[in-house]
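Participant: Take this structure first; my questions come after.
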Amino acid sequence: MSSIGKDLRKILSSEQVLDLPEDVSAYANDATFYVAKKNPDAVVFPASTEEISSIIKYAASNKIPVVPRGAGSGLAGGCTPVHGGIVIDMKRINKIIEIDQKNLVAVVESGLVLEKFVKTVEGMKLFYPPDPQSAEVCTIGGNIATRAGGPRGVKYGTTERYVTGIEVVMPNGDVINPGGRFVKQSSGYDLTHLFTGSEGTLGVITKGILRLLPLPPAKKTIVVTCVSADQAAEIVSEIIARGAVPAVLEFLIKLAVMAINGYLTPPIPLTGEAYLLMEVDGNEAQVELESEEIKAVCNELGAVDIRIVTDKAECETYWYARSRLYPLMTTIFKRVITEDITVPRNKIPELVKAMQAISTSVGIGIGIAGHAGDGNMHPTILQSEVSEEVARKADKAIEEMIKVCLELQGTISGEHGIGIHKSSFLELEHGPKQVEIMKSIKRTLDPLGIMNPGKIWKENGGKA
């Protein structure tokens, strides 16, 4: 039993604390390959905001690092405890407190699994659009902390658009409640959205007040087969330019379709090199009109095949298969690094060509897929072996991807966050003055530097 674990058992029950090496080692990483050099000293499972406040007060008085953790499904190393300390597992704080149908808001605890929440509100004919591909396991708190996105971002935007208020335990243990149930607020600084996307570096988000929409009554899935990745990218740009904005517009290369075909009946014919998977939603007339507009664009630009799927069960299989793409790639390759870069939508053709060129010049396999409708692409480094040489090539490819992304007026992360993975590149996008402002906010709110240290920017060259 560690000394920290012994102290924490005075705050929580014994069953709420883990500190044996074989237990805490499972919390040394998230869904990436980044593993902490030092295991956390303890993992705790609080059941209330009050318990989290007590944990934080203990950590602050002893200058112990604290790392909030949702489901550990992140792809940027965001909840990897690089300095050991205390990992706060939020899974027990998981209630739907209220669904207010009249005001179209919900109040939920941050450990709530997204899919459970979505199914609950849809059963009430309501709609919560953010849809990270890890919805089966990821938590609302993790989504808020990273401004998580997903395929529906093209039409509906990402998580921050739906957060109207939060409850946060501050680095000294105080509890604050910025925001609220209202649609608009113009009083003081926007603290709600300062914490939204802060990746656990400013406090622990314990509750969220989330905006809901009416559930669209109709939808269709459209599958488009393209001659090449260039053609697919051009079709995406043209569809958006003409104003026929789908709820979802996904880009897949042939390798990705080969992987997901195992989930599909009938499978998608492998007659092209790139594919677009779309969903249009709204009322019946709107869905019909937008489907025909999209079909016309695809025909004009010479798509190999356009299939409009109306059967609900069949449509769902396409989206389930798409959500399984990343896990499938991890079973085929020994290491998979999924990037998360976003460019203006009209720059997608240039981005696709650049990724292909990087793959050739560096000598490493790069798959290309992503939420092309909002410019959020996921070039994915596919490693058939793990070695120092391959790792160097992967690092080189990532660096080149980031440079291209910024040259195309993009951003280094559209939905995964920065964590450890992108910390070397933050200043390339924002410049030293903006990064220093971020650091000054961190120092003001967390003067002891205990909240998720080592994330968002590199520690070398100056403390947060």
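Chain lettering (A, B, ...) mirrors the order of the structure tokens, residue numbering begins at 1 for each chain separately, and ligand numbering begins at 1 in order of display.
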Write out as a list in words each polymer residue whose atoms come within 7 Å of stretch 127-132 of chain A, counting only C-alpha atoms; drop sequence neighbours fewer than 6 positions from it.

Facilitator: Val118, Val121, Ala148, Gly149, Gly150, Pro151, Arg152, Tyr156, Thr158, Thr159, Leu212, Leu213, Pro214 and Leu215 of chain A

Participant: How close does each residue of stretch 343-387 of chain A get to stretch 277-300 of chain A, giving the shortest atom pair and distance in Å to one decimal for every residue with an atom at most 10 Å away, counting only C-alpha atoms, sorted by chain and residue number, as a Markdown table?

Facilitator:
```
| residue | atom | partner | partner_atom | distance |
| --- | --- | --- | --- | --- |
| A:His371 | CA | A:Leu277 | CA | 9.7 |
| A:Ala372 | CA | A:Leu277 | CA | 9.9 |
| A:Gly373 | CA | A:Met278 | CA | 9.1 |
```

Participant: So that I have them on file, write out the residues from the current selection with N, CA and C atoms, as a short mmCIF file (atom, residue, chain, number, x, y, z; two decimals), in the first residue's frame.

Facilitator:
```
data_model
loop_
_atom_site.label_atom_id
_atom_site.label_comp_id
_atom_site.auth_asym_id
_atom_site.auth_seq_id
_atom_site.Cartn_x
_atom_site.Cartn_y
_atom_site.Cartn_z
N HIS A 371 -13.75 12.95 -41.65
CA HIS A 371 -15.03 13.65 -41.71
C HIS A 371 -14.88 14.78 -42.74
N ALA A 372 -14.86 14.38 -44.00
CA ALA A 372 -14.48 15.31 -45.05
C ALA A 372 -15.43 16.49 -45.18
N GLY A 373 -16.67 16.33 -44.74
CA GLY A 373 -17.64 17.41 -44.87
C GLY A 373 -17.27 18.65 -44.10
#
```

Participant: Would you please work out which residue, of A:Val175, A:Ile4, A:Gln409, A:Ala135, is nearest to A:Glu50 when using only C-alpha atoms?

Facilitator: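 For A:Glu50, the nearest of the given residues is A:Val175.
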
Participant: If you run DSSP on this backbone, which residues of stretch 138-232 of chain A come out as strand (DSSP E or B), and could you give them as a PyMOL selection string?

Facilitator: chain A and resi 139+163-169+175-176+179+204-211+213-214+218-226

Participant: Pick out the residues sitting within 12 Å of A:Ile398, and hand them over as a PyMOL selection string; count only C-alpha atoms, and ignore anything fewer than 5 positions along from it in its own chain.

Facilitator: chain A and resi 337-341+355+358-359+362+364+366+378-381+391-393+403-405+412+421-422+424-425

Participant: Filtering to C-alpha atoms, could you give me those residues as a PDB file, in the first residue's frame?

Facilitator:
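The result, written out as part_24.pdb:
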```pdb
ATOM      1  CA  ILE A 337      -1.379   6.357 -35.438  1.00  0.00           C
ATOM      2  CA  THR A 338      -4.494   8.299 -36.358  1.00  0.00           C
ATOM      3  CA  GLU A 339      -3.895  11.956 -37.076  1.00  0.00           C
ATOM      4  CA  ASP A 340      -6.556  14.635 -36.627  1.00  0.00           C
ATOM      5  CA  ILE A 341      -5.961  17.615 -38.879  1.00  0.00           C
ATOM      6  CA  MET A 355      -0.725  12.976 -47.823  1.00  0.00           C
ATOM      7  CA  ILE A 358       4.301  12.252 -47.882  1.00  0.00           C
ATOM      8  CA  SER A 359       3.608   8.517 -47.838  1.00  0.00           C
ATOM      9  CA  VAL A 362       8.911   9.150 -46.258  1.00  0.00           C
ATOM     10  CA  ILE A 364       5.568   4.647 -44.810  1.00  0.00           C
ATOM     11  CA  ILE A 366      -0.643   6.270 -44.829  1.00  0.00           C
ATOM     12  CA  HIS A 378      -7.646  11.498 -40.312  1.00  0.00           C
ATOM     13  CA  PRO A 379      -4.555  10.463 -42.260  1.00  0.00           C
ATOM     14  CA  THR A 380      -3.502   7.280 -40.501  1.00  0.00           C
ATOM     15  CA  ILE A 381       0.013   5.889 -40.291  1.00  0.00           C
ATOM     16  CA  ALA A 391       9.079   5.122 -35.500  1.00  0.00           C
ATOM     17  CA  ARG A 392      11.449   7.713 -37.002  1.00  0.00           C
ATOM     18  CA  LYS A 393       9.577   7.524 -40.291  1.00  0.00           C
ATOM     19  CA  LYS A 403       3.359  21.547 -41.855  1.00  0.00           C
ATOM     20  CA  VAL A 404       1.070  20.896 -44.817  1.00  0.00           C
ATOM     21  CA  CYS A 405      -2.010  21.346 -42.667  1.00  0.00           C
ATOM     22  CA  ILE A 412      -3.474  20.656 -35.898  1.00  0.00           C
ATOM     23  CA  HIS A 421       0.719  13.734 -29.043  1.00  0.00           C
ATOM     24  CA  LYS A 422       0.501  17.242 -30.508  1.00  0.00           C
ATOM     25  CA  SER A 424       5.340  19.814 -29.873  1.00  0.00           C
ATOM     26  CA  PHE A 425       3.277  21.557 -32.529  1.00  0.00           C
TER      27      PHE A 425
END
```

Participant: How many Å separate atom CA of A:Ser2 from atom CA of A:Lys442?

Facilitator: 29.2 Å

Participant: Neighbouring residues of A:Leu270 were defined as those with any atom within 9 Å, considering only C-alpha atoms; residues of the same chain fewer than 3 positions away were excluded. Please report them as JSON, numbers by chain.

Facilitator: {"A": [225, 254, 257, 258, 267, 273]}

Participant: In terms of the shortest atom-to-atom distance over only C-alpha atoms, which of A:Asn143, A:Asn94, A:Ser186, A:Gln434 is closest to A:Ser48?

Facilitator: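 Residue with the minimum atom-to-atom distance to A:Ser48: A:Asn94.
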
Participant: Select, from A:Gln356, A:Asn376, A:Thr80, A:Asn261, the residue with the minimum atom-to-atom distance to A:Pro344, counting only C-alpha atoms.

Facilitator: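 Selected residue with least distance to A:Pro344: A:Asn376.
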
Participant: Skip stretch 309-325 of chain A itself and residues of its chain fewer than 6 positions away, then list as an MDAnalysis selection string all residues within 8 Å of it, counting only C-alpha atoms.

Facilitator: chainID A and resid 133:134 219:223 256 259:261 263:265

Participant: Restrict the selected residues to C-alpha atoms and save them as an mmCIF file, in the first residue's frame.

Facilitator:
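Output file out_38.cif is given in full below:
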```
data_model
loop_
_atom_site.group_PDB
_atom_site.id
_atom_site.type_symbol
_atom_site.label_atom_id
_atom_site.label_comp_id
_atom_site.auth_asym_id
_atom_site.auth_seq_id
_atom_site.Cartn_x
_atom_site.Cartn_y
_atom_site.Cartn_z
ATOM 1 C CA GLN A 133 -16.668 7.201 -33.106
ATOM 2 C CA SER A 134 -15.981 5.873 -29.608
ATOM 3 C CA LYS A 219 -32.851 10.370 -43.091
ATOM 4 C CA LYS A 220 -31.133 8.502 -45.926
ATOM 5 C CA THR A 221 -27.673 7.069 -46.466
ATOM 6 C CA ILE A 222 -25.807 7.660 -49.726
ATOM 7 C CA VAL A 223 -22.808 5.577 -50.816
ATOM 8 C CA ALA A 256 -10.883 1.099 -45.365
ATOM 9 C CA ALA A 259 -11.963 -3.625 -43.769
ATOM 10 C CA ILE A 260 -15.550 -2.582 -43.019
ATOM 11 C CA ASN A 261 -17.139 -4.779 -45.703
ATOM 12 C CA TYR A 263 -19.911 -5.796 -41.375
ATOM 13 C CA LEU A 264 -21.998 -5.036 -44.467
ATOM 14 C CA THR A 265 -24.677 -7.028 -46.299
#
```

Participant: Do a neighbour search on A:Leu408 at 12 Å with only C-alpha atoms, toss out local chain neighbours closer than 3 positions, and write the hits as a list in words.

Facilitator: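 Returned residues: Ile341, Thr342, Val343, Pro344, Arg345, Asn346, Lys347, Ile348, Pro349, Glu350, Leu351, Val352, Ala354, Gly375, Met401, Ile402, Lys403, Val404, Cys405, Thr411, Ile412 and Glu429 of chain A.
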
Participant: I want to know what sits within 10 Å of stretch 52-67 of chain A, based on only C-alpha atoms, with residues of the same chain fewer than 4 positions away left out; could you give that as a PyMOL selection string?

Facilitator: chain A and resi 4+7-8+11-12+40-48+78-90+168-175+199-201+203-204+206+446-453

Participant: Would you please extract all helix (DSSP H, G or I) residues from stretch 235-445 of chain A, as assigned by DSSP on the backbone, and give them as a ChimeraX atom specification?

Facilitator: /A:235-241,254-263,284-300,312-323,325-332,345-362,372-374,388-407,423-445

Participant: Between atom CA of A:Val35 and atom CA of A:Thr444, what is the spacing in Å?

Facilitator: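 One can read the atom CA of A:Thr444 to atom CA of A:Val35 distance as 29.1 Å.
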